[in-house]
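Peer 1: Here it is, the structure, as structure tokens.
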Amino acid sequence: MNFASTQFVPSRRMGICEPLPQIGMWSDYKENNYLDTSTPAILEVDSRFDNQSEDTSHGIVEPSNKYDQEVSKTNDKQLRRLAQNREAARKCRLRKKAYVQQLENSKLRLMQLEQELERARQQGLYVGGGLDTGQLGYSRTTNPGIATFEMAYGHWVEEQNKKTADLRNALCSDITDLELSSFVDDGMNHYFDLFLMKETAAKADVFYLMSGMWETSAEHFLSWIGGFRPSELLKVLEPHLGPLTEKQSLELSNLKQSCQQAEDALSQGLERLHQILSETVADGLLGEGNYLPQINAALEKLKAMVRFVGQADHLRKETLLQISRNLNNRQAAQGLLALGEYFQRLRVLSSFWTSRPRESS
Amino acid sequence: MHEPILYGNLLLQQKPPTLRNPNLNPNPNNVKGIKENASSLYDFSDLKNMVKDNAVIVFGKKGCCMSHVIKRLLQALGVNPAVYEVDEVDENEVVIELEGIRAGDGKQCSMQFPAVFIGGRWFGGLERIIASHITGELTPLLKQAGALWL
């Protein structure tokens with residue numbers, strides 16, 4: 001929204017009837033130069049403003065002799081000039097007041113729009129990682145696979161919020177274990193659906209997934225290879241599972257360690273890929289001019305990225321499956337609820353962050 | 001199972017010297033993979049021995065980061081896996097040879113790199129390694145194969 005557009009409001013009555021009024025620059029309001037005192041003509045008061053002139057020259061004293069005529073003419077001019085100045089200053093103050101008022105209204109309107117946008121985003125009309133990423137429009141317009149994913153993901157988040165709310169109600173109510181187990185299966189499968197969606201999106205553009213443009217900013221900050229870090233997830237879950245048997249505690253502890261080891265191995269593999277990619281691109285760097293062989297070689301290496309995201313999602317899936325094997329239905333349901341709320345909080349956090357009032361520099 | 005440590009150290013990241021000897025011992029087992037006048041007339045029959053003699057061996061394409069991941073994971077568990085890096089030109093022949101080894105187990109799927117053999121038998125790729133590690137199946141299997149002593 002560019003407020004510096006110089007679409008000048010034609011009417012002097014600066015009416016604020018449109019939602020986003022086109023405000024001219026302050027300089028536009030000084031169009032007529034009221035400070036021009038070269039004309040000796042009688043002061044012309046602008047009849048569209050309130051005619052409460054502070055002009056004190058009600059009458060002009062008639063001089064008696066020629067010398068006095070000269071003096072009084074000079075005095076008249078001076079008086080006239082002063083009156084014109086006062087009038088001009090008054091009008092200037094009025095215009096300034098109106099301009100500031102218009103700015104304030106626009107600022108409120110802008111804040112309203114930002115909040116609406118954020119709300120729409122959360123409710124599944126998801127259109128990307130946010131204006132703050134500065135990459136609005138990338139991929140969406142050029143890659144149909146990604147556009148499909150973005151829409152599907154928006155729906156997925158909506159569904160996820162619903163399922164979390166349903167699960168919360170189910171846990172509070174008097175529900176049979178069988179019913180609870182179907183909630184658990186449903187919840188798990190929903191996460192697995194997401195992994196399938198991401199697999200397709202990775203083939204369309206793996207860097208889109210890696211860049212986190214589909215996630216909210218807080219989620220992306222905490223992410224690891226295009227999604228949540230499984231070991232972190234286990235730490236979030238643990239306190240919400242209720243009392244665990246000794247066997248369960250031990251298995252959870254083993255799972256945490258196994259996760260960490262697998263994550264480390266994948267991270268190291270990714271680092272190795274960085275290294276190799278850099279070497280491939282830099283191969284024959286010095287003044288060769290023809291770099292197509294290096295580009296082609298690098299393209300091959302980049303394909304490995306798709307496999308990395310796939311393996312990371314595979315690890316996430318296996319971790320979720322394993323933890324559910326060790327828990328009873330109620331514990332698993334509580335775990336899923338905790339997870340759902342955790343991600344919801346991250347999304348809300350991102351939304352609050354985006355719409356926080358900016359401090360003036 | 002022979003002493004895994006000894007062979008493991010010998011073969012770690014090294015190609016066995018018997019390979020790349022053109023024309024010396026055309027192995028009847030390899031006939032289908034070798035063209036008579038091809039420049040790459042290699043004898044890959046030793047792969048069978050490598051698989052047999054190593055508790056854990058990882059076959060991966062040269063410069064592949066996935067086999068690096070497997071190697072790191074196994075090392076984190078205390079295993080020192082043998083790693084065989086396959087050159088691009090040899091890929092097809094190695095695949096055929098390895099599938100032949102695997103066929104002995106009665107399974108008939110196509111081989112992909114990276115490929116892990118544990119205790120002389122085909123185990124799987126990175127996905128299987130990760131899955132079995134998470135479920136806790138991997139460690140006892142490695143112990144059984146003699147790759148771990150804890």
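Residue numbering restarts at 1 in every chain; chains get A, B, ... in the order shown in the structure tokens, and ligands count up from 1 in that same order.
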Which polymer residues have any atom within 12 Å of an atom of B:Ile70, counting only C-alpha atoms, with same-chain residues fewer than 2 positions away left out, as a count of residues only?
Peer 2: 44
Peer 1: Only residues of chain A matter here; which ones have an atom within 12 Å of chain B, counting only C-alpha atoms? Give them as a ChimeraX atom specification.
Peer 2: /A:230-231,251-277,279-280,297,300-326
Peer 1: Which residues come within 12 Å of stretch 117-122 of chain A, counting only C-alpha atoms, excluding same-chain residues fewer than 4 positions away, as a PyMOL selection string?
Peer 2: chain A and resi 110-113+126-132+150-151+153-161+214-216+344-356
Peer 1: Would you export the selected residues with C-alpha atoms as a compact mmCIF listing (two decimals), in the first residue's frame, please?
Peer 2:
```
# COMPACT_ATOMS: atom_id res chain seq x y z
CA LEU A 110 -4.39 -0.80 7.75
CA MET A 111 -4.19 -2.55 11.10
CA GLN A 112 -7.68 -3.95 10.56
CA LEU A 113 -6.71 -5.32 7.16
CA TYR A 126 -3.30 -20.07 3.31
CA VAL A 127 -1.33 -18.14 0.79
CA GLY A 128 2.24 -18.58 1.84
CA GLY A 129 4.69 -17.92 4.62
CA GLY A 130 3.67 -14.34 5.17
CA LEU A 131 4.39 -10.87 3.87
CA ASP A 132 7.40 -10.70 6.14
CA GLU A 150 -0.32 -24.74 -0.60
CA MET A 151 -4.05 -25.13 -0.98
CA TYR A 153 -1.88 -27.65 3.26
CA GLY A 154 -4.26 -24.85 4.12
CA HIS A 155 -7.07 -27.39 4.31
CA TRP A 156 -4.85 -29.74 6.27
CA VAL A 157 -4.28 -27.10 8.96
CA GLU A 158 -7.99 -26.41 9.15
CA GLU A 159 -8.70 -30.14 9.52
CA GLN A 160 -5.95 -30.47 12.09
CA ASN A 161 -7.43 -27.76 14.26
CA TRP A 214 4.72 -23.10 3.67
CA GLU A 215 5.17 -23.03 7.45
CA THR A 216 4.53 -20.14 9.79
CA GLN A 344 -1.43 -24.48 17.16
CA ARG A 345 0.44 -22.34 19.67
CA LEU A 346 3.37 -22.01 17.27
CA ARG A 347 1.03 -20.84 14.53
CA VAL A 348 -0.66 -18.33 16.83
CA LEU A 349 2.73 -17.12 18.00
CA SER A 350 3.72 -16.48 14.39
CA SER A 351 0.49 -14.61 13.78
CA PHE A 352 0.98 -12.38 16.83
CA TRP A 353 4.55 -11.75 15.81
CA THR A 354 3.54 -10.69 12.31
CA SER A 355 0.90 -8.26 13.50
CA ARG A 356 2.77 -6.79 16.46
```
Peer 1: Show me, as a PyMOL selection string, the residues that have an atom within 7 Å of stretch 331-335 of chain A when counting only C-alpha atoms, minus same-chain residues fewer than 2 positions from it.
Peer 2: chain A and resi 184+237+240-242+324+327-329+337-339
Peer 1: How would the residues just picked look written out with C-alpha atoms as a PDB file, in the first residue's frame?
Peer 2:
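What landed in result32.pdb:
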```pdb
ATOM      1  CA  VAL A 184      -5.789 -42.046  17.724  1.00  0.00           C
ATOM      2  CA  LEU A 237       5.022 -34.961  24.403  1.00  0.00           C
ATOM      3  CA  HIS A 240       1.520 -34.956  28.797  1.00  0.00           C
ATOM      4  CA  LEU A 241       1.321 -38.715  28.582  1.00  0.00           C
ATOM      5  CA  GLY A 242       0.251 -39.178  32.161  1.00  0.00           C
ATOM      6  CA  SER A 324       2.161 -45.148  19.722  1.00  0.00           C
ATOM      7  CA  LEU A 327       1.429 -46.358  24.790  1.00  0.00           C
ATOM      8  CA  ASN A 328      -2.130 -47.324  25.601  1.00  0.00           C
ATOM      9  CA  ASN A 329      -4.961 -45.572  23.783  1.00  0.00           C
ATOM     10  CA  LEU A 337      -3.729 -33.642  21.782  1.00  0.00           C
ATOM     11  CA  ALA A 338      -0.546 -32.168  23.234  1.00  0.00           C
ATOM     12  CA  LEU A 339       1.056 -32.227  19.788  1.00  0.00           C
TER      13      LEU A 339
END
```
